[in-house]
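Below you'll find the structure, written out as structure tokens, and then a few comments.
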2 protein chains.
Amino acid sequence: MEIKVVKKVLGVNEAIAEEIRKTLKEKKVFMLNLMSSPGSGKTTILLKTIGQLKDNFRIGVVVGDICTTYDSERLSETGVPVVQINTEPFGGDCHLAANVVQGGLSELDLDALDLVFVENVGNLVCPAEFEIGEDKKVVVLSLPEGEDKPLKYPLMFSKCHALLVNKVDFLPLSDFNMKALKERVKQLNPKIEIFEISCKTGQGIDRWTGWLKKSLSDIR
Amino acid sequence: MEIKVVKKVLGVNEAIAEEIRKTLKEKKVFMLNLMSSPGSGKTTILLKTIGQLKDNFRIGVVVGDICTTYDSERLSETGVPVVQINTEPFGGDCHLAANVVQGGLSELDLDALDLVFVENVGNLVCPAEFEIGEDKKVVVLSLPEGEDKPLKYPLMFSKCHALLVNKVDFLPLSDFNMKALKERVKQLNPKIEIFEISCKTGQGIDRWTGWLKKSLSDIR
């Protein structure tokens with residue numbers, strides 16, 4: 001019974017995601033769905049990324065959280081338009097469904113944007129199942145989370161176009177096995193791009209934003 | 001509509017949790033629900049905890065994961081009985097519902113146990129909403145996740161009896177604000193017990209298992 005409910009929700013979701021995709025294509029807006037566990041650094045990565053891109057691209061952000069506007073307050077400091085979605089009125093959903101993203105996008109002036117970042121709710125499970133009409137899906141894995149995560153959350157790592165291994169500045173104090181991580185991820189998803197980054201030291205941020213710029217130019 | 005579905009599921013869940021609670025009381029078994037983000041160290045904490053307690057208590061473990069038996073294989077090395085629950089057949093649920101836990105417990109010989117650890121699915125959202133008939137709820141926060149998590153996941157921190165701040169060995173490389181964390185958590189939940197631990201150095205493990213032993217003796 002529960003499974004039936006999920007399937008029905010996913011069917012409706014797929015249709016709305018397709019509507020979003022069509023709208024974004026018409027408006028020539030690139031949309032990126034950023035997903036991860038709580039605390040792996042999505043908001044800080046967006047702050048760094050927006051900082052590097054905002055002079056050349058018109059950027060908007062949709063931020064999902066169960067409750068609170070903590071992340072959107074931080075992101076607003078960049079000066080780009082930010083829409084906060086709280087899923088609490090939607091039953092405290094642990095992901096952003098397409099209808100919820102559609103509501104968020106309607107608060108942005110898409111004609112005046114090149115790029116929309118969606119910061120999904122912190123969760124490695126459900127966000128992987130819900131299409132939101134994005135051009136690229138990106139997962140963040142914080143180094144202290146460990147190299148076994150692809151084994152445990154295969155759907156997320158299979159579906160994403162890029163993996164950001166964040167907080168690599170912790171490597172000196174860690175027994176994290178980067179080689180094992182990469183092998184596991186590539187086995188699930190041979191085409192995935194992997195970037196080792198640190199928002200503290202700046203390591204790898206240029207390579208990541210370079211990939212992003214290329215992805216953007218590919219659709220325009 | 002979606003909210004209605006969630007409420008109905010939660011109502012049924014509550015009734016089954018009450019059944020579990022009654023059974024555990026009859027059998028004099030203490031059950032602990034261990035929750036956290038993916039990668040914050042639940043399995044390693046259980047390995048350490050079981051290592052310290054297994055000579056004096058008869059322990060069983062129920063491990064929840066979307067898929068894979070990775071954690072249960074690690075836990076089986078302790079020699080205690082371990083039941084793996086994969087939620088994939090239940091729609092890939094990102095939490096353990098009471099009916100699923102009840103199924104797991106039926107695989108254990110409760111007459112031969114003092115203590116059952118439930119390692120919940122890695123997620124700071126949904127597991128907080130589902131009662132499973134446990135005596136204590138414990139949340140793990142890994143230090144690299146940051147001190148802002150109680151602001152973003154207030155339900156989890158409000159409902160738990162104890163917080164394990166894990167991986168404190170990363171403190172020298174981190175700007176984590178322990179004081180701010182504790183203030184935020186205590187504001188949500190003045191009675192919560194907070195333990196700073198490291199499975200790598202062993203720091204704080206004795207205090208944590210001491211609390212656990214006391215909690216166990218309180219119900220027997």
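Residues in the structure tokens are numbered from 1 in each chain, the chains being A, B, ... in the order shown, and ligands are numbered from 1 in the order shown.
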Which of stretch 17-169 of chain A fall in strand (DSSP E or B), as a PDB file with C-alpha atoms, in the first residue's frame:
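Final file, out_16.pdb:
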```pdb
ATOM      1  CA  PHE A  30      20.363  26.147 -16.713  1.00  0.00           C
ATOM      2  CA  MET A  31      19.274  24.464 -13.473  1.00  0.00           C
ATOM      3  CA  LEU A  32      21.496  22.480 -11.138  1.00  0.00           C
ATOM      4  CA  ASN A  33      20.188  20.218  -8.352  1.00  0.00           C
ATOM      5  CA  LEU A  34      22.691  20.096  -5.487  1.00  0.00           C
ATOM      6  CA  MET A  35      22.209  17.221  -3.080  1.00  0.00           C
ATOM      7  CA  SER A  36      24.017  15.742  -0.062  1.00  0.00           C
ATOM      8  CA  ILE A  59      22.158  33.578 -10.912  1.00  0.00           C
ATOM      9  CA  GLY A  60      19.170  32.627  -8.776  1.00  0.00           C
ATOM     10  CA  VAL A  61      18.899  30.132  -5.922  1.00  0.00           C
ATOM     11  CA  VAL A  62      16.099  27.952  -4.596  1.00  0.00           C
ATOM     12  CA  VAL A  63      16.917  26.516  -1.166  1.00  0.00           C
ATOM     13  CA  GLY A  64      15.014  23.651   0.391  1.00  0.00           C
ATOM     14  CA  ASP A  65      14.872  22.947   4.092  1.00  0.00           C
ATOM     15  CA  VAL A  82      17.161  33.518  -3.179  1.00  0.00           C
ATOM     16  CA  VAL A  83      13.868  31.700  -2.640  1.00  0.00           C
ATOM     17  CA  GLN A  84      13.509  29.620   0.491  1.00  0.00           C
ATOM     18  CA  ILE A  85      11.216  26.604   0.436  1.00  0.00           C
ATOM     19  CA  ASN A  86      10.268  25.029   3.723  1.00  0.00           C
ATOM     20  CA  LEU A 115      21.546  29.789 -13.959  1.00  0.00           C
ATOM     21  CA  VAL A 116      19.460  28.489 -11.050  1.00  0.00           C
ATOM     22  CA  PHE A 117      20.970  26.493  -8.214  1.00  0.00           C
ATOM     23  CA  VAL A 118      18.589  24.296  -6.260  1.00  0.00           C
ATOM     24  CA  GLU A 119      19.975  23.391  -2.863  1.00  0.00           C
ATOM     25  CA  LYS A 136      22.528  18.473 -13.954  1.00  0.00           C
ATOM     26  CA  LYS A 137      22.400  16.638 -10.641  1.00  0.00           C
ATOM     27  CA  VAL A 138      25.391  17.066  -8.357  1.00  0.00           C
ATOM     28  CA  VAL A 139      26.074  15.247  -5.094  1.00  0.00           C
ATOM     29  CA  VAL A 140      28.385  16.507  -2.366  1.00  0.00           C
ATOM     30  CA  LEU A 141      30.190  14.032  -0.144  1.00  0.00           C
ATOM     31  CA  SER A 142      32.085  15.473   2.772  1.00  0.00           C
ATOM     32  CA  ALA A 162      29.199  15.221 -10.807  1.00  0.00           C
ATOM     33  CA  LEU A 163      30.488  14.419  -7.330  1.00  0.00           C
ATOM     34  CA  LEU A 164      32.100  17.062  -5.151  1.00  0.00           C
ATOM     35  CA  VAL A 165      34.308  15.485  -2.490  1.00  0.00           C
ATOM     36  CA  ASN A 166      34.281  18.366  -0.028  1.00  0.00           C
TER      37      ASN A 166
END
```
Discussion item. Select, as a PyMOL selection string, those residues of chain A with any atom no more than 10 Å from chain B (distances computed using only C-alpha atoms).
Written reply: chain A and resi 1-7+9+36-41+65-71+88-95+121-126+129+141-149+151-155+167+169-174+200
Worksheet item: DSSP says alpha helix (DSSP H) for which residues of stretch 134-208 of chain B? Put them as a ChimeraX atom specification?
Response: /B:149-152,154-159,178-188,205-208
Practice prompt. Go through A:Leu53, A:Lys22, A:Val29, A:Val80 and flag the residue nearest A:Trp208, using only C-alpha atoms for the distances.
Written response: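 That would be A:Leu53, the residue with the smallest distance to A:Trp208.
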Practice prompt. For A:Lys28, work out the shell of residues within 10 Å, counting only C-alpha atoms and skipping chain neighbours fewer than 2 positions away, then give it as a PyMOL selection string.
Written response: chain A and resi 22-26+30-31+110-111+113-115+216+219-220
Since we have the selection now, will you write its residues out, keeping N, CA and C atoms, as a PDB file, in the first residue's frame?
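After the write, again25.pdb holds the following:
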```
ATOM      1  N   LYS A  22      10.707  22.105 -19.721  1.00  0.00           N
ATOM      2  CA  LYS A  22      10.274  22.820 -20.925  1.00  0.00           C
ATOM      3  C   LYS A  22      10.393  24.342 -20.726  1.00  0.00           C
ATOM      4  N   THR A  23       9.916  24.794 -19.575  1.00  0.00           N
ATOM      5  CA  THR A  23       9.994  26.225 -19.273  1.00  0.00           C
ATOM      6  C   THR A  23      11.437  26.713 -19.255  1.00  0.00           C
ATOM      7  N   LEU A  24      12.310  25.940 -18.586  1.00  0.00           N
ATOM      8  CA  LEU A  24      13.713  26.354 -18.470  1.00  0.00           C
ATOM      9  C   LEU A  24      14.372  26.404 -19.840  1.00  0.00           C
ATOM     10  N   LYS A  25      14.009  25.443 -20.697  1.00  0.00           N
ATOM     11  CA  LYS A  25      14.582  25.400 -22.045  1.00  0.00           C
ATOM     12  C   LYS A  25      14.170  26.648 -22.824  1.00  0.00           C
ATOM     13  N   GLU A  26      12.885  26.970 -22.757  1.00  0.00           N
ATOM     14  CA  GLU A  26      12.369  28.178 -23.426  1.00  0.00           C
ATOM     15  C   GLU A  26      13.103  29.433 -22.962  1.00  0.00           C
ATOM     16  N   PHE A  30      19.734  27.410 -17.131  1.00  0.00           N
ATOM     17  CA  PHE A  30      20.363  26.147 -16.713  1.00  0.00           C
ATOM     18  C   PHE A  30      20.041  25.926 -15.237  1.00  0.00           C
ATOM     19  N   MET A  31      19.604  24.702 -14.890  1.00  0.00           N
ATOM     20  CA  MET A  31      19.274  24.464 -13.473  1.00  0.00           C
ATOM     21  C   MET A  31      20.077  23.285 -12.938  1.00  0.00           C
ATOM     22  N   LEU A 110      12.651  34.351 -14.280  1.00  0.00           N
ATOM     23  CA  LEU A 110      13.498  33.465 -15.098  1.00  0.00           C
ATOM     24  C   LEU A 110      14.030  34.158 -16.342  1.00  0.00           C
ATOM     25  N   ASP A 111      13.298  35.182 -16.834  1.00  0.00           N
ATOM     26  CA  ASP A 111      13.780  35.915 -18.012  1.00  0.00           C
ATOM     27  C   ASP A 111      15.078  36.667 -17.718  1.00  0.00           C
ATOM     28  N   LEU A 113      17.525  35.464 -15.739  1.00  0.00           N
ATOM     29  CA  LEU A 113      18.515  34.548 -15.158  1.00  0.00           C
ATOM     30  C   LEU A 113      19.144  33.633 -16.208  1.00  0.00           C
ATOM     31  N   ASP A 114      20.407  33.245 -15.966  1.00  0.00           N
ATOM     32  CA  ASP A 114      21.089  32.240 -16.781  1.00  0.00           C
ATOM     33  C   ASP A 114      21.156  30.895 -16.062  1.00  0.00           C
ATOM     34  N   LEU A 115      21.168  30.957 -14.756  1.00  0.00           N
ATOM     35  CA  LEU A 115      21.546  29.789 -13.959  1.00  0.00           C
ATOM     36  C   LEU A 115      20.764  29.782 -12.645  1.00  0.00           C
ATOM     37  N   LEU A 216      27.096  24.822 -18.787  1.00  0.00           N
ATOM     38  CA  LEU A 216      26.182  25.913 -19.122  1.00  0.00           C
ATOM     39  C   LEU A 216      26.259  26.259 -20.598  1.00  0.00           C
ATOM     40  N   ILE A 219      24.388  23.981 -23.168  1.00  0.00           N
ATOM     41  CA  ILE A 219      22.924  24.004 -23.376  1.00  0.00           C
ATOM     42  C   ILE A 219      22.446  25.284 -24.046  1.00  0.00           C
ATOM     43  N   ARG A 220      23.340  26.265 -24.228  1.00  0.00           N
ATOM     44  CA  ARG A 220      22.859  27.575 -24.681  1.00  0.00           C
ATOM     45  C   ARG A 220      23.083  27.787 -26.164  1.00  0.00           C
TER      46      ARG A 220
END
```
Practice prompt. Can you pull out every residue within 12 Å of A:Glu183, counting only C-alpha atoms, but drop anything in the same chain fewer than 5 positions away, and send it as a PyMOL selection string?
Written response: chain A and resi 147-148+150-151+157+177-178+188-190+192+194
Worksheet entry | Two-atom distance - atom CA of B:Met156, atom CA of B:Ala128 (Å) | 5.0 Å
